[in-house]
$ cat target_23.txt   # compact mmCIF, N, CA and C atoms
# COMPACT_ATOMS: atom_id res chain seq x y z
N MET I 1 79.73 133.53 101.31
CA MET I 1 80.70 132.83 102.13
C MET I 1 81.21 131.63 101.34
N ARG I 2 82.52 131.44 101.35
CA ARG I 2 83.17 130.34 100.63
C ARG I 2 83.90 129.44 101.61
N ARG I 3 83.93 128.16 101.30
CA ARG I 3 84.72 127.20 102.07
C ARG I 3 85.96 126.89 101.24
N VAL I 4 87.13 127.04 101.85
CA VAL I 4 88.40 126.78 101.19
C VAL I 4 89.04 125.57 101.85
N GLU I 5 89.51 124.65 101.03
CA GLU I 5 90.24 123.48 101.51
C GLU I 5 91.61 123.46 100.86
N ILE I 6 92.64 123.34 101.68
CA ILE I 6 94.00 123.21 101.18
C ILE I 6 94.52 121.88 101.72
N ILE I 7 94.98 121.02 100.83
CA ILE I 7 95.52 119.72 101.22
C ILE I 7 96.94 119.63 100.66
N ALA I 8 97.90 119.36 101.55
CA ALA I 8 99.29 119.30 101.13
C ALA I 8 100.10 118.50 102.15
N ALA I 9 101.36 118.25 101.82
CA ALA I 9 102.26 117.51 102.69
C ALA I 9 102.49 118.27 103.99
N GLN I 10 102.51 117.53 105.10
CA GLN I 10 102.76 118.16 106.41
C GLN I 10 104.06 118.95 106.41
N ALA I 11 105.02 118.53 105.62
CA ALA I 11 106.33 119.19 105.61
C ALA I 11 106.26 120.65 105.17
N ILE I 12 105.21 121.04 104.46
CA ILE I 12 105.15 122.43 103.98
C ILE I 12 104.07 123.25 104.68
N LEU I 13 103.50 122.73 105.75
CA LEU I 13 102.44 123.45 106.47
C LEU I 13 102.90 124.84 106.92
N ASP I 14 104.06 124.94 107.51
CA ASP I 14 104.55 126.25 107.98
C ASP I 14 104.68 127.23 106.82
N ASP I 15 105.13 126.76 105.66
CA ASP I 15 105.27 127.63 104.50
C ASP I 15 103.90 128.13 104.03
N VAL I 16 102.91 127.27 104.06
CA VAL I 16 101.56 127.67 103.66
C VAL I 16 101.04 128.74 104.62
N LEU I 17 101.18 128.53 105.91
CA LEU I 17 100.70 129.50 106.89
C LEU I 17 101.45 130.84 106.76
N GLU I 18 102.76 130.79 106.54
CA GLU I 18 103.54 132.01 106.37
C GLU I 18 103.11 132.77 105.11
N ALA I 19 102.83 132.04 104.04
CA ALA I 19 102.40 132.69 102.80
C ALA I 19 101.03 133.34 102.97
N LEU I 20 100.12 132.67 103.66
CA LEU I 20 98.81 133.26 103.93
C LEU I 20 98.95 134.54 104.75
N GLU I 21 99.83 134.51 105.73
CA GLU I 21 100.06 135.70 106.55
C GLU I 21 100.69 136.82 105.71
N TYR I 22 101.64 136.46 104.85
CA TYR I 22 102.31 137.43 104.00
C TYR I 22 101.30 138.19 103.12
N PHE I 23 100.32 137.46 102.59
CA PHE I 23 99.30 138.09 101.75
C PHE I 23 98.11 138.60 102.56
N GLN I 24 98.29 138.70 103.86
CA GLN I 24 97.33 139.30 104.78
C GLN I 24 95.95 138.65 104.72
N VAL I 25 95.97 137.32 104.60
CA VAL I 25 94.72 136.56 104.64
C VAL I 25 94.32 136.45 106.11
N PRO I 26 93.08 136.80 106.44
CA PRO I 26 92.64 136.65 107.84
C PRO I 26 92.85 135.20 108.31
N MET I 27 93.51 135.05 109.43
CA MET I 27 93.93 133.73 109.88
C MET I 27 92.88 133.09 110.80
N HIS I 28 91.77 132.73 110.20
CA HIS I 28 90.71 132.00 110.90
C HIS I 28 90.59 130.67 110.16
N TYR I 29 91.08 129.61 110.76
CA TYR I 29 91.15 128.34 110.06
C TYR I 29 91.11 127.18 111.04
N THR I 30 90.90 126.00 110.49
CA THR I 30 91.01 124.75 111.23
C THR I 30 91.98 123.87 110.47
N ILE I 31 92.87 123.21 111.19
CA ILE I 31 93.80 122.28 110.57
C ILE I 31 93.50 120.88 111.06
N ILE I 32 93.33 119.98 110.12
CA ILE I 32 93.29 118.55 110.43
C ILE I 32 94.72 118.08 110.16
N PRO I 33 95.48 117.79 111.22
CA PRO I 33 96.92 117.62 111.06
C PRO I 33 97.38 116.36 110.33
N THR I 34 96.56 115.33 110.29
CA THR I 34 96.99 114.09 109.65
C THR I 34 95.93 113.60 108.69
N ALA I 35 96.30 113.53 107.43
CA ALA I 35 95.41 113.00 106.40
C ALA I 35 96.22 112.10 105.48
N HIS I 36 95.65 110.99 105.10
CA HIS I 36 96.32 110.04 104.21
C HIS I 36 95.61 110.01 102.87
N GLY I 37 96.38 109.78 101.82
CA GLY I 37 95.76 109.68 100.51
C GLY I 37 96.77 109.69 99.39
N LYS I 38 96.26 109.69 98.16
CA LYS I 38 97.09 109.74 96.97
C LYS I 38 96.45 110.68 95.98
N GLY I 39 97.25 111.57 95.48
CA GLY I 39 96.82 112.49 94.43
C GLY I 39 97.70 112.29 93.22
N ASN I 40 98.24 113.39 92.69
CA ASN I 40 99.09 113.33 91.50
C ASN I 40 100.57 113.13 91.81
N THR I 41 100.91 113.09 93.10
CA THR I 41 102.30 112.83 93.49
C THR I 41 102.33 111.52 94.27
N SER I 42 103.43 111.25 94.94
CA SER I 42 103.55 109.99 95.67
C SER I 42 102.52 109.91 96.80
N PRO I 43 102.07 108.69 97.10
CA PRO I 43 101.09 108.53 98.18
C PRO I 43 101.63 109.06 99.51
N LYS I 44 100.74 109.52 100.33
CA LYS I 44 101.08 109.99 101.68
C LYS I 44 100.19 109.17 102.62
N LEU I 45 100.70 108.01 103.04
CA LEU I 45 99.89 107.05 103.78
C LEU I 45 100.32 106.83 105.22
N GLY I 46 101.43 107.43 105.63
CA GLY I 46 101.87 107.31 107.02
C GLY I 46 102.26 105.90 107.42
N ASP I 47 102.67 105.08 106.46
CA ASP I 47 103.07 103.70 106.79
C ASP I 47 104.55 103.48 106.46
N ASP I 48 105.01 102.26 106.58
CA ASP I 48 106.43 101.96 106.33
C ASP I 48 106.83 102.19 104.88
N VAL I 49 105.94 101.97 103.96
CA VAL I 49 106.25 102.12 102.54
C VAL I 49 106.13 103.58 102.10
N TRP I 50 105.06 104.26 102.51
CA TRP I 50 104.80 105.65 102.16
C TRP I 50 104.63 106.44 103.46
N PRO I 51 105.74 106.82 104.11
CA PRO I 51 105.68 107.39 105.46
C PRO I 51 105.17 108.83 105.56
N GLU I 52 105.17 109.57 104.48
CA GLU I 52 104.73 110.96 104.57
C GLU I 52 103.23 111.04 104.84
N GLU I 53 102.81 112.20 105.35
CA GLU I 53 101.40 112.45 105.62
C GLU I 53 101.03 113.85 105.15
N ASN I 54 99.76 114.06 104.93
CA ASN I 54 99.22 115.35 104.52
C ASN I 54 98.54 116.04 105.70
N PHE I 55 98.23 117.30 105.50
CA PHE I 55 97.34 118.04 106.41
C PHE I 55 96.19 118.57 105.56
N ILE I 56 95.11 118.92 106.21
CA ILE I 56 93.99 119.59 105.56
C ILE I 56 93.74 120.89 106.33
N LEU I 57 93.75 122.00 105.62
CA LEU I 57 93.46 123.30 106.22
C LEU I 57 92.11 123.75 105.68
N LEU I 58 91.19 124.07 106.58
CA LEU I 58 89.85 124.53 106.21
C LEU I 58 89.67 125.98 106.62
N MET I 59 89.11 126.77 105.73
CA MET I 59 88.83 128.17 106.03
C MET I 59 87.48 128.53 105.44
N TYR I 60 86.79 129.45 106.09
CA TYR I 60 85.58 130.05 105.55
C TYR I 60 85.86 131.53 105.40
N CYS I 61 85.59 132.07 104.22
CA CYS I 61 85.91 133.47 103.98
C CYS I 61 84.94 134.06 102.97
N GLU I 62 85.01 135.37 102.84
CA GLU I 62 84.23 136.08 101.84
C GLU I 62 85.00 136.07 100.52
N GLU I 63 84.30 136.28 99.45
CA GLU I 63 84.86 136.22 98.09
C GLU I 63 86.13 137.06 97.91
N PRO I 64 86.21 138.30 98.39
CA PRO I 64 87.43 139.10 98.17
C PRO I 64 88.70 138.49 98.77
N THR I 65 88.57 137.67 99.78
CA THR I 65 89.73 137.06 100.43
C THR I 65 90.37 135.99 99.55
N LEU I 66 89.63 135.45 98.61
CA LEU I 66 90.14 134.35 97.78
C LEU I 66 91.38 134.75 96.99
N ALA I 67 91.47 135.99 96.55
CA ALA I 67 92.63 136.43 95.77
C ALA I 67 93.92 136.28 96.58
N GLY I 68 93.90 136.68 97.84
CA GLY I 68 95.09 136.54 98.69
C GLY I 68 95.45 135.08 98.93
N ILE I 69 94.43 134.24 99.11
CA ILE I 69 94.69 132.81 99.31
C ILE I 69 95.33 132.21 98.06
N GLU I 70 94.80 132.56 96.90
CA GLU I 70 95.34 132.04 95.64
C GLU I 70 96.78 132.49 95.42
N GLN I 71 97.09 133.74 95.78
CA GLN I 71 98.47 134.23 95.66
C GLN I 71 99.39 133.45 96.59
N ALA I 72 98.92 133.19 97.80
CA ALA I 72 99.73 132.45 98.77
C ALA I 72 100.01 131.04 98.27
N ILE I 73 98.99 130.38 97.74
CA ILE I 73 99.16 129.02 97.23
C ILE I 73 100.13 129.00 96.06
N GLU I 74 100.01 129.96 95.16
CA GLU I 74 100.93 130.02 94.01
C GLU I 74 102.37 130.22 94.46
N LEU I 75 102.58 131.05 95.47
CA LEU I 75 103.92 131.26 96.01
C LEU I 75 104.51 129.96 96.54
N VAL I 76 103.73 129.22 97.29
CA VAL I 76 104.21 127.95 97.86
C VAL I 76 104.43 126.92 96.75
N LYS I 77 103.55 126.91 95.76
CA LYS I 77 103.72 125.97 94.64
C LYS I 77 105.02 126.21 93.88
N LYS I 78 105.40 127.47 93.74
CA LYS I 78 106.67 127.79 93.06
C LYS I 78 107.85 127.27 93.85
N LYS I 79 107.78 127.39 95.17
CA LYS I 79 108.88 126.93 96.02
C LYS I 79 108.95 125.41 96.06
N TYR I 80 107.80 124.75 96.06
CA TYR I 80 107.72 123.29 96.16
C TYR I 80 107.04 122.73 94.92
N ASP I 81 107.69 122.92 93.76
CA ASP I 81 107.06 122.49 92.51
C ASP I 81 106.95 120.96 92.38
N HIS I 82 107.63 120.23 93.25
CA HIS I 82 107.56 118.76 93.22
C HIS I 82 106.46 118.22 94.14
N GLU I 83 105.85 119.09 94.92
CA GLU I 83 104.77 118.68 95.84
C GLU I 83 103.41 119.01 95.24
N GLY I 84 102.48 118.14 95.45
CA GLY I 84 101.11 118.44 95.06
C GLY I 84 100.44 119.25 96.17
N ILE I 85 99.76 120.29 95.79
CA ILE I 85 99.00 121.09 96.75
C ILE I 85 97.58 121.19 96.21
N GLY I 86 96.66 120.59 96.94
CA GLY I 86 95.26 120.67 96.55
C GLY I 86 94.63 121.94 97.09
N TYR I 87 93.93 122.66 96.25
CA TYR I 87 93.27 123.91 96.63
C TYR I 87 91.86 123.89 96.06
N PHE I 88 90.87 123.88 96.93
CA PHE I 88 89.49 123.75 96.49
C PHE I 88 88.64 124.85 97.13
N VAL I 89 87.74 125.41 96.36
CA VAL I 89 86.82 126.43 96.85
C VAL I 89 85.41 125.94 96.60
N LEU I 90 84.62 125.92 97.65
CA LEU I 90 83.22 125.48 97.55
C LEU I 90 82.30 126.63 97.87

$ encode --input "target_23.txt" --output "structure tokens"
Amino acid sequence: MRRVEIIAAQAILDDVLEALEYFQVPMHYTIIPTAHGKGNTSPKLGDDVWPEENFILLMYCEEPTLAGIEQAIELVKKKYDHEGIGYFVL
């Protein structure tokens, strides 16, 4: 069993979910809708200076499912090459 974490801008959440569905990833997940932080792109702090916010999507899956998740993330990264998308597998 693997834990998958996807962290990205709230603005692209629908695209991430659509891509996961497109690659037939079982849709069992939890979304933490508001997360603040700074990665390799502009800060997402939800304040007057940096108003954007992130989401965190958590999934638990078996090893074979990871390929579909990785394909979905790559598809979204191509569409939003200016956005940072964190993808972690534990």

$ closest_residue --input "target_23.txt" --among "I:Ala35, I:Glu18, I:Gly68, I:Glu74" --to "Ile56 in chain I" --atoms "only C-alpha atoms"
I:Ala35

$ select_by_dssp --input "target_23.txt" --residues "chain I" --states "strand (DSSP E or B)" --output "list in words"
Arg2, Arg3, Val4, Glu5, Ile6, Ile7, Ala8, Ala9, Tyr29, Thr30, Ile31, Ile32, Pro33, Thr34, Ala35, Gly37, Lys44, Asn54, Phe55, Ile56, Leu57, Leu58, Met59, Tyr60, Cys61, Gly86, Tyr87, Phe88 and Val89 of chain I

$ atom_distance --input "target_23.txt" --atom1 "CA of Thr41 in chain I" --atom2 "CA of Glu53 in chain I"
12.2 Å

$ residues_around --input "target_23.txt" --residues "Leu13 in chain I" --least-positions-apart "2" --cutoff "12 Å" --atoms "only C-alpha atoms" --output "PyMOL selection string"
chain I and resi 6-11+15-20+31-34+53-57+73+76+80+83+85

$ atom_distance --input "target_23.txt" --atom1 "atom C of Ile69 in chain I" --atom2 "atom N of Val25 in chain I"
8.3 Å
